[in-house]
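Asks: What follows is the file structure.txt, containing compact mmCIF, C-alpha atoms and all ligand atoms:
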```
# COMPACT_ATOMS: atom_id res chain seq x y z
CA MET A 1 -11.66 29.25 -13.15
CA ARG A 2 -10.04 26.50 -11.10
CA THR A 3 -8.54 27.84 -7.88
CA PRO A 4 -5.02 26.44 -7.37
CA TYR A 5 -5.17 23.72 -4.73
CA LEU A 6 -2.00 23.14 -2.73
CA ALA A 7 -2.00 20.31 -0.24
CA GLY A 8 0.57 19.03 2.23
CA ASN A 9 0.66 15.28 2.78
CA TRP A 10 2.67 14.88 5.95
CA LYS A 11 2.70 11.07 5.73
CA MET A 12 4.04 9.51 8.98
CA ASN A 13 6.06 12.58 9.98
CA LEU A 14 6.11 15.32 12.63
CA ASP A 15 5.16 15.19 16.29
CA ARG A 16 2.53 17.19 18.12
CA ARG A 17 4.77 20.18 18.78
CA ALA A 18 6.14 20.35 15.23
CA ALA A 19 2.65 19.92 13.76
CA LEU A 20 1.19 22.76 15.81
CA ASP A 21 4.16 25.04 15.12
CA LEU A 22 3.82 24.40 11.41
CA VAL A 23 0.08 25.06 11.24
CA GLY A 24 0.44 28.14 13.41
CA THR A 25 2.85 29.63 10.88
CA LEU A 26 0.71 28.41 8.02
CA ARG A 27 -2.42 29.97 9.45
CA GLU A 28 -0.73 33.32 9.84
CA HIS A 29 0.78 33.20 6.36
CA VAL A 30 -2.43 32.25 4.58
CA GLY A 31 -4.55 34.74 6.51
CA THR A 32 -7.77 35.24 4.58
CA ARG A 33 -6.31 34.52 1.14
CA THR A 34 -8.69 33.13 -1.43
CA ASP A 35 -6.35 33.03 -4.45
CA VAL A 36 -5.19 29.55 -3.43
CA GLU A 37 -6.85 26.71 -1.57
CA VAL A 38 -4.61 25.12 1.04
CA ALA A 39 -5.02 21.85 2.94
CA VAL A 40 -2.90 19.74 5.27
CA PHE A 41 -3.08 16.01 5.86
CA PRO A 42 -1.65 15.14 9.28
CA PRO A 43 -1.36 11.64 10.72
CA PHE A 44 -4.71 10.56 12.23
CA VAL A 45 -3.65 11.25 15.81
CA TYR A 46 -2.99 14.95 15.18
CA ILE A 47 -6.03 15.77 13.04
CA ASP A 48 -8.11 16.88 16.01
CA GLU A 49 -5.58 19.34 17.37
CA VAL A 50 -4.54 20.59 13.95
CA ALA A 51 -8.19 21.22 13.03
CA ARG A 52 -8.69 23.18 16.24
CA ALA A 53 -5.55 25.18 15.59
CA LEU A 54 -6.89 26.04 12.13
CA ALA A 55 -10.48 26.80 13.15
CA GLY A 56 -11.69 29.91 11.35
CA SER A 57 -8.79 29.76 8.86
CA PRO A 58 -9.38 28.89 5.20
CA VAL A 59 -6.70 26.19 5.53
CA ARG A 60 -8.50 22.86 5.52
CA VAL A 61 -7.59 19.62 7.23
CA GLY A 62 -7.85 16.12 5.84
CA ALA A 63 -6.87 12.53 6.52
CA GLN A 64 -4.39 10.34 4.66
CA ASN A 65 -6.70 7.34 4.58
CA CYS A 66 -10.06 6.07 5.84
CA CYS A 67 -11.86 2.77 6.30
CA ASP A 68 -14.19 1.52 3.57
CA GLU A 69 -16.64 0.26 6.20
CA GLU A 70 -19.00 2.43 8.21
CA LYS A 71 -18.22 1.12 11.73
CA GLY A 72 -17.68 -2.03 13.70
CA ALA A 73 -15.07 -4.72 14.21
CA PHE A 74 -12.26 -3.35 12.04
CA THR A 75 -9.28 -3.20 14.37
CA GLY A 76 -6.85 -0.45 13.55
CA GLU A 77 -9.16 1.34 11.13
CA VAL A 78 -10.66 4.85 11.33
CA SER A 79 -14.09 5.64 9.94
CA VAL A 80 -15.30 8.53 7.83
CA SER A 81 -17.65 9.75 10.56
CA GLN A 82 -14.85 9.63 13.15
CA LEU A 83 -12.66 11.69 10.84
CA ARG A 84 -15.42 14.24 10.37
CA ASP A 85 -16.01 14.24 14.10
CA VAL A 86 -12.45 15.47 14.74
CA GLY A 87 -12.50 18.09 12.00
CA ALA A 88 -11.29 16.37 8.83
CA GLU A 89 -13.05 17.54 5.68
CA ILE A 90 -11.08 15.67 3.03
CA VAL A 91 -9.37 12.32 2.57
CA VAL A 92 -6.48 11.29 0.33
CA LEU A 93 -7.19 7.93 -1.30
CA GLY A 94 -5.22 5.65 -3.56
CA HIS A 95 -1.84 7.10 -2.66
CA SER A 96 0.92 5.01 -4.20
CA GLU A 97 2.25 4.13 -0.75
CA ARG A 98 -1.15 2.67 0.14
CA ARG A 99 -1.30 0.86 -3.19
CA HIS A 100 2.25 -0.47 -3.24
CA ILE A 101 3.20 -0.97 0.42
CA TYR A 102 -0.23 -2.01 1.73
CA GLY A 103 -1.60 -3.64 -1.38
CA GLU A 104 -4.69 -1.47 -1.83
CA ALA A 105 -6.34 -2.28 -5.13
CA ASP A 106 -8.69 -0.08 -7.14
CA GLU A 107 -11.73 -1.90 -5.80
CA LEU A 108 -10.87 -1.02 -2.21
CA VAL A 109 -9.94 2.53 -3.17
CA ASN A 110 -13.33 2.79 -4.84
CA ARG A 111 -15.21 1.53 -1.78
CA LYS A 112 -13.34 4.08 0.34
CA ALA A 113 -14.13 6.86 -2.14
CA GLN A 114 -17.82 6.05 -2.12
CA ARG A 115 -17.88 5.77 1.67
CA ALA A 116 -16.04 9.09 2.02
CA LEU A 117 -18.29 10.97 -0.38
CA ASP A 118 -21.45 9.48 1.14
CA GLY A 119 -20.19 10.42 4.60
CA GLY A 120 -19.41 14.00 3.69
CA LEU A 121 -15.66 13.98 3.11
CA ASP A 122 -14.15 15.43 -0.04
CA VAL A 123 -11.72 13.13 -1.83
CA ILE A 124 -8.30 13.50 -3.40
CA LEU A 125 -7.85 10.42 -5.57
CA CYS A 126 -4.22 9.66 -6.44
CA VAL A 127 -3.24 7.92 -9.65
CA GLY A 128 0.13 7.32 -11.23
CA GLU A 129 2.43 4.87 -12.93
CA THR A 130 5.68 3.27 -11.80
CA LEU A 131 8.91 3.82 -13.71
CA GLU A 132 8.64 0.34 -15.17
CA GLU A 133 5.12 1.03 -16.39
CA ARG A 134 6.20 4.34 -17.93
CA LYS A 135 9.11 2.66 -19.70
CA GLY A 136 6.74 0.00 -20.96
CA GLY A 137 4.46 2.62 -22.48
CA LEU A 138 1.72 1.82 -19.99
CA THR A 139 1.26 5.23 -18.36
CA GLU A 140 -2.12 5.97 -19.92
CA LYS A 141 -3.41 2.48 -19.32
CA VAL A 142 -2.44 2.54 -15.64
CA VAL A 143 -3.86 6.00 -15.08
CA ARG A 144 -7.07 5.08 -16.91
CA THR A 145 -7.54 1.88 -14.91
CA GLN A 146 -6.92 3.63 -11.59
CA LEU A 147 -9.19 6.54 -12.45
CA GLN A 148 -12.05 4.43 -13.77
CA GLY A 149 -11.66 1.92 -10.96
CA GLY A 150 -11.42 4.53 -8.23
CA LEU A 151 -14.40 6.54 -9.44
CA ALA A 152 -16.70 3.68 -10.47
CA GLY A 153 -20.24 4.39 -9.32
CA VAL A 154 -19.43 7.92 -8.13
CA ALA A 155 -22.30 10.25 -9.04
CA THR A 156 -21.63 13.17 -11.36
CA ARG A 157 -23.10 15.52 -8.74
CA ASP A 158 -20.42 14.40 -6.26
CA MET A 159 -17.57 15.18 -8.61
CA ASP A 160 -17.42 18.77 -7.34
CA ARG A 161 -16.00 17.22 -4.15
CA VAL A 162 -13.35 15.18 -5.94
CA THR A 163 -9.81 16.21 -6.85
CA ILE A 164 -7.44 14.03 -8.84
CA ALA A 165 -3.74 13.93 -7.98
CA TYR A 166 -1.44 12.67 -10.71
CA GLU A 167 1.53 11.29 -8.84
CA PRO A 168 4.02 9.34 -10.93
CA VAL A 169 5.47 6.80 -8.49
CA TRP A 170 9.00 7.41 -9.80
CA ALA A 171 8.74 11.04 -8.74
CA ILE A 172 7.49 10.51 -5.19
CA GLY A 173 10.16 11.21 -2.60
CA THR A 174 12.91 10.74 -5.17
CA GLY A 175 13.80 14.32 -6.03
CA VAL A 176 13.08 13.43 -9.67
CA VAL A 177 10.19 15.67 -10.64
CA ALA A 178 8.14 15.14 -13.81
CA THR A 179 8.86 17.78 -16.42
CA PRO A 180 6.06 20.25 -17.10
CA ALA A 181 5.59 18.50 -20.46
CA GLN A 182 5.30 15.05 -18.85
CA ALA A 183 2.85 16.31 -16.26
CA GLY A 184 0.88 18.28 -18.84
CA GLU A 185 0.46 15.24 -21.08
CA VAL A 186 -0.98 13.05 -18.34
CA HIS A 187 -3.11 15.83 -16.86
CA ALA A 188 -4.68 16.50 -20.26
CA TYR A 189 -5.29 12.78 -20.63
CA VAL A 190 -6.98 12.63 -17.20
CA ARG A 191 -9.17 15.59 -18.11
CA GLY A 192 -10.23 13.81 -21.26
CA LEU A 193 -11.07 10.70 -19.27
CA LEU A 194 -13.18 12.75 -16.85
CA SER A 195 -15.06 14.16 -19.78
CA GLY A 196 -15.86 10.68 -21.08
CA LEU A 197 -16.70 9.23 -17.66
CA PHE A 198 -18.81 12.16 -16.47
CA SER A 199 -19.24 15.30 -18.57
CA THR A 200 -17.26 18.12 -20.15
CA ASP A 201 -18.45 20.30 -17.31
CA VAL A 202 -16.95 17.93 -14.74
CA ALA A 203 -13.75 17.73 -16.76
CA GLN A 204 -13.47 21.51 -16.80
CA THR A 205 -14.14 22.00 -13.09
CA VAL A 206 -12.35 19.10 -11.40
CA ARG A 207 -8.89 20.08 -10.26
CA ILE A 208 -5.94 17.89 -11.12
CA GLN A 209 -2.98 18.23 -8.79
CA TYR A 210 0.51 17.11 -9.62
CA GLY A 211 2.49 15.28 -6.93
CA GLY A 212 6.03 13.97 -6.75
CA SER A 213 9.07 15.97 -5.58
CA VAL A 214 7.28 19.33 -5.79
CA LYS A 215 9.41 22.09 -4.28
CA ALA A 216 9.50 25.87 -4.26
CA SER A 217 12.06 25.70 -7.07
CA ASN A 218 9.87 23.74 -9.50
CA VAL A 219 6.27 24.56 -8.54
CA LYS A 220 6.01 27.68 -10.66
CA GLU A 221 6.83 25.95 -13.95
CA LEU A 222 4.50 23.07 -13.12
CA MET A 223 1.67 25.43 -12.22
CA ALA A 224 2.21 27.24 -15.52
CA VAL A 225 0.93 24.14 -17.34
CA GLY A 226 -2.73 24.68 -18.26
CA ASP A 227 -4.04 21.41 -16.87
CA VAL A 228 -2.01 21.49 -13.64
CA ASP A 229 -4.32 22.95 -11.01
CA GLY A 230 -2.35 22.38 -7.86
CA ALA A 231 0.15 20.21 -6.06
CA LEU A 232 0.11 17.41 -3.54
CA VAL A 233 3.33 17.96 -1.64
CA GLY A 234 5.03 15.43 0.61
CA GLY A 235 8.55 16.18 1.84
CA ALA A 236 8.38 19.90 1.12
CA SER A 237 5.20 20.30 3.19
CA LEU A 238 6.87 19.46 6.49
CA LYS A 239 8.64 22.77 7.10
CA ALA A 240 7.19 26.25 6.81
CA ASP A 241 10.34 27.43 5.03
CA ASP A 242 9.72 24.88 2.28
CA PHE A 243 5.92 24.93 2.12
CA LEU A 244 5.08 28.63 2.33
CA PRO A 245 7.04 29.56 -0.83
CA ILE A 246 5.09 26.84 -2.66
CA LEU A 247 1.84 28.57 -1.70
CA ASP A 248 3.30 31.80 -3.05
CA PHE A 249 4.28 30.34 -6.42
CA ALA A 250 2.38 33.04 -8.28
CA ARG A 251 3.86 35.99 -6.39
P1 LIG A 301 6.97 14.05 -2.25
O1 LIG A 301 5.63 13.21 -1.98
O2 LIG A 301 6.55 15.49 -2.45
O3 LIG A 301 7.80 13.87 -1.00
O4 LIG A 301 7.60 13.49 -3.46
C1 LIG A 301 4.45 13.50 -2.68
C2 LIG A 301 3.33 12.58 -2.23
O5 LIG A 301 3.60 11.41 -1.96
O6 LIG A 301 2.16 12.99 -2.13
```
Before anything else, please render the file you have as structure tokens.
Replies:
Amino acid sequence: MRTPYLAGNWKMNLDRRAALDLVGTLREHVGTRTDVEVAVFPPFVYIDEVARALAGSPVRVGAQNCCDEEKGAFTGEVSVSQLRDVGAEIVVLGHSERRHIYGEADELVNRKAQRALDGGLDVILCVGETLEERKGGLTEKVVRTQLQGGLAGVATRDMDRVTIAYEPVWAIGTGVVATPAQAGEVHAYVRGLLSGLFSTDVAQTVRIQYGGSVKASNVKELMAVGDVDGALVGGASLKADDFLPILDFAR
């Protein structure tokens, strides 16, 4: 049984006050629930305070990125151990904005993934095709390359700390959500890849989130798809009124 995993990727949004208000409401709403797993990914500078505000709550805190190096002269970077030090337990890697705006290639994503897992952070690895790639019939190829590249050298025993997020680039921040059928097709494909790369056991236990214009109004039908195990939510994770109903999709 894969527990639904709902995560809020705040990107470069919110200020200290808004972040603390949001997690205060979130903490109260989630209480001691165990039917869903919930995580938030604040900007680096708020992780510390958000983690403190959520101490003792099942809501987990993660980072939106990390450095592939352990420590040293890497101006502007933040290390895995520093993230852990301020309360982060997870890191999102390979997000399309990192890939497309900042030019992160699979090799770098892979080094970050290995560094994160070695250093004790769980990983959400994002994969997904652009509209052009989908139109060109390249969806599976792109997803395969990103998945294989991102997870190269990752030990099977570490895969219980890895989540995959399928995020079609054309659906991110556009309001155009993938249909349940489109998501289901790619999620099933990813599960098959995990089986080949690791084991059927890994394929059955790793959660695959969908991301891209998830809202309260579409989350239920997406979550009804067998291979969709959660959501990575951007825009709709910034306000309690939008995010809390997403957590309650099954109610
Ligand atoms: P969105 O972003 O929900 O605003 O489309 C999703 C994401 O980028 O993770």
Asks: Please give me, as a list in words, the residues lying within 6 Å of ligand LIG 301 (chain A) when counting all atoms listed in the file.
Replies: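 The residues near ligand LIG 301 (chain A) are Asn9, Ala171, Ile172, Gly173, Gly211, Gly212, Ser213, Val214, Leu232, Val233, Gly234, Gly235 and Ala236 of chain A.
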Asks: Using only C-alpha atoms, please write the residues we just selected to a file, as a PDB file, keeping the file's coordinate frame.
Replies:
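File selection.pdb, as written:
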```pdb
ATOM      1  CA  ASN A   9       0.660  15.280   2.780  1.00  0.00           C
ATOM      2  CA  ALA A 171       8.740  11.040  -8.740  1.00  0.00           C
ATOM      3  CA  ILE A 172       7.490  10.510  -5.190  1.00  0.00           C
ATOM      4  CA  GLY A 173      10.160  11.210  -2.600  1.00  0.00           C
ATOM      5  CA  GLY A 211       2.490  15.280  -6.930  1.00  0.00           C
ATOM      6  CA  GLY A 212       6.030  13.970  -6.750  1.00  0.00           C
ATOM      7  CA  SER A 213       9.070  15.970  -5.580  1.00  0.00           C
ATOM      8  CA  VAL A 214       7.280  19.330  -5.790  1.00  0.00           C
ATOM      9  CA  LEU A 232       0.110  17.410  -3.540  1.00  0.00           C
ATOM     10  CA  VAL A 233       3.330  17.960  -1.640  1.00  0.00           C
ATOM     11  CA  GLY A 234       5.030  15.430   0.610  1.00  0.00           C
ATOM     12  CA  GLY A 235       8.550  16.180   1.840  1.00  0.00           C
ATOM     13  CA  ALA A 236       8.380  19.900   1.120  1.00  0.00           C
TER      14      ALA A 236
END
```
Asks: Neighbours of segment 143-145 of chain A within 8 Å (only C-alpha atoms; same-chain residues fewer than 3 positions away dropped), as a VMD selection string?
Replies: chain A and resid 127 to 129 139 to 140 148 to 149 190 193
Asks: Please produce a file of the residues just selected, as a compact mmCIF listing (two decimals), in the frame of the given file, where the atoms kept are C-alpha atoms.
Replies:
```
# COMPACT_ATOMS: atom_id res chain seq x y z
CA VAL A 127 -3.24 7.92 -9.65
CA GLY A 128 0.13 7.32 -11.23
CA GLU A 129 2.43 4.87 -12.93
CA THR A 139 1.26 5.23 -18.36
CA GLU A 140 -2.12 5.97 -19.92
CA GLN A 148 -12.05 4.43 -13.77
CA GLY A 149 -11.66 1.92 -10.96
CA VAL A 190 -6.98 12.63 -17.20
CA LEU A 193 -11.07 10.70 -19.27
```
Asks: Ranking A:Ile246, A:Ala7, A:Met12, A:Leu117 by minimum distance to Gly153 of chain A and counting only C-alpha atoms, which one comes first?
Replies: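 Closest to Gly153 of chain A of all the choices is A:Leu117.
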Asks: May I ask for the distance between atom CA of Lys11 of chain A and atom CA of Ala73 of chain A, given in Å to one decimal place?
Replies: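 Between these atoms lies a distance of 25.2 Å.
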Asks: Measuring atom to atom with only C-alpha atoms, identify which of A:Gly150, A:Gly87, A:Gly119, A:Gly94 is nearest to Glu69 of chain A.
Replies: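 Smallest distance to Glu69 of chain A is found for A:Gly119.
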Asks: Could you check how far atom CA of Ile101 of chain A sits from atom CA of Lys71 of chain A, in Å to one decimal?
Replies: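 Interatomic distance here is 24.3 Å.
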Asks: Working from the structure I just supplied, which lacks atoms in segment 36-47 of chain A, can you model all heavy atoms there and output them as a short mmCIF file (atom, residue, chain, number, x, y, z; two decimals), in the frame of the given file?
Replies:
```cif
data_model
loop_
_atom_site.label_atom_id
_atom_site.label_comp_id
_atom_site.auth_asym_id
_atom_site.auth_seq_id
_atom_site.Cartn_x
_atom_site.Cartn_y
_atom_site.Cartn_z
N VAL A 36 -5.58 30.97 -3.42
CA VAL A 36 -5.19 29.55 -3.43
C VAL A 36 -6.01 28.82 -2.37
O VAL A 36 -6.43 29.43 -1.38
CB VAL A 36 -3.68 29.35 -3.09
CG1 VAL A 36 -2.78 29.75 -4.24
CG2 VAL A 36 -3.29 30.06 -1.81
N GLU A 37 -6.22 27.54 -2.60
CA GLU A 37 -6.85 26.71 -1.57
C GLU A 37 -5.74 25.86 -0.97
O GLU A 37 -4.92 25.30 -1.69
CB GLU A 37 -7.92 25.82 -2.22
CG GLU A 37 -8.72 25.04 -1.20
CD GLU A 37 -9.91 24.32 -1.84
OE1 GLU A 37 -10.43 24.82 -2.87
OE2 GLU A 37 -10.28 23.26 -1.34
N VAL A 38 -5.70 25.81 0.36
CA VAL A 38 -4.61 25.12 1.04
C VAL A 38 -5.19 24.07 1.99
O VAL A 38 -6.19 24.32 2.67
CB VAL A 38 -3.75 26.13 1.85
CG1 VAL A 38 -2.59 25.42 2.55
CG2 VAL A 38 -3.24 27.25 0.95
N ALA A 39 -4.58 22.90 2.02
CA ALA A 39 -5.02 21.85 2.94
C ALA A 39 -3.81 21.10 3.47
O ALA A 39 -2.79 21.00 2.80
CB ALA A 39 -5.97 20.88 2.23
N VAL A 40 -3.95 20.60 4.70
CA VAL A 40 -2.90 19.74 5.27
C VAL A 40 -3.49 18.40 5.68
O VAL A 40 -4.66 18.31 6.06
CB VAL A 40 -2.21 20.40 6.49
CG1 VAL A 40 -1.38 21.60 6.06
CG2 VAL A 40 -3.20 20.78 7.58
N PHE A 41 -2.66 17.38 5.56
CA PHE A 41 -3.08 16.01 5.86
C PHE A 41 -2.14 15.42 6.92
O PHE A 41 -1.16 14.77 6.59
CB PHE A 41 -3.09 15.18 4.57
CG PHE A 41 -4.13 15.67 3.60
CD1 PHE A 41 -3.87 16.76 2.78
CD2 PHE A 41 -5.37 15.07 3.54
CE1 PHE A 41 -4.85 17.25 1.91
CE2 PHE A 41 -6.35 15.54 2.67
CZ PHE A 41 -6.09 16.63 1.86
N PRO A 42 -2.47 15.67 8.19
CA PRO A 42 -1.65 15.14 9.28
C PRO A 42 -1.92 13.66 9.50
O PRO A 42 -2.94 13.14 9.05
CB PRO A 42 -2.14 15.93 10.51
CG PRO A 42 -3.09 16.97 10.02
CD PRO A 42 -3.59 16.49 8.69
N PRO A 43 -1.03 13.00 10.25
CA PRO A 43 -1.36 11.64 10.72
C PRO A 43 -2.66 11.70 11.53
O PRO A 43 -2.95 12.72 12.16
CB PRO A 43 -0.17 11.30 11.63
CG PRO A 43 0.95 12.16 11.13
CD PRO A 43 0.31 13.43 10.67
N PHE A 44 -3.41 10.61 11.54
CA PHE A 44 -4.71 10.56 12.23
C PHE A 44 -4.68 11.22 13.62
O PHE A 44 -5.56 11.98 13.97
CB PHE A 44 -5.16 9.11 12.46
CG PHE A 44 -5.63 8.39 11.22
CD1 PHE A 44 -5.25 7.07 10.99
CD2 PHE A 44 -6.47 9.01 10.31
CE1 PHE A 44 -5.71 6.39 9.88
CE2 PHE A 44 -6.93 8.33 9.19
CZ PHE A 44 -6.54 7.02 8.97
N VAL A 45 -3.65 10.86 14.39
CA VAL A 45 -3.65 11.25 15.81
C VAL A 45 -3.54 12.76 16.03
O VAL A 45 -3.83 13.24 17.13
CB VAL A 45 -2.52 10.54 16.61
CG1 VAL A 45 -2.84 9.06 16.73
CG2 VAL A 45 -1.16 10.76 15.95
N TYR A 46 -3.12 13.49 15.02
CA TYR A 46 -2.99 14.95 15.18
C TYR A 46 -4.10 15.73 14.48
O TYR A 46 -4.14 16.96 14.56
CB TYR A 46 -1.63 15.42 14.67
CG TYR A 46 -0.47 14.76 15.38
CD1 TYR A 46 0.59 14.21 14.66
CD2 TYR A 46 -0.43 14.68 16.78
CE1 TYR A 46 1.65 13.59 15.31
CE2 TYR A 46 0.62 14.05 17.43
CZ TYR A 46 1.66 13.51 16.69
OH TYR A 46 2.70 12.89 17.34
N ILE A 47 -4.99 15.05 13.80
CA ILE A 47 -6.03 15.77 13.04
C ILE A 47 -6.85 16.67 13.96
O ILE A 47 -7.09 17.84 13.64
CB ILE A 47 -6.95 14.76 12.29
CG1 ILE A 47 -6.17 14.09 11.15
CG2 ILE A 47 -8.19 15.48 11.75
CD1 ILE A 47 -6.95 12.99 10.44
#
```
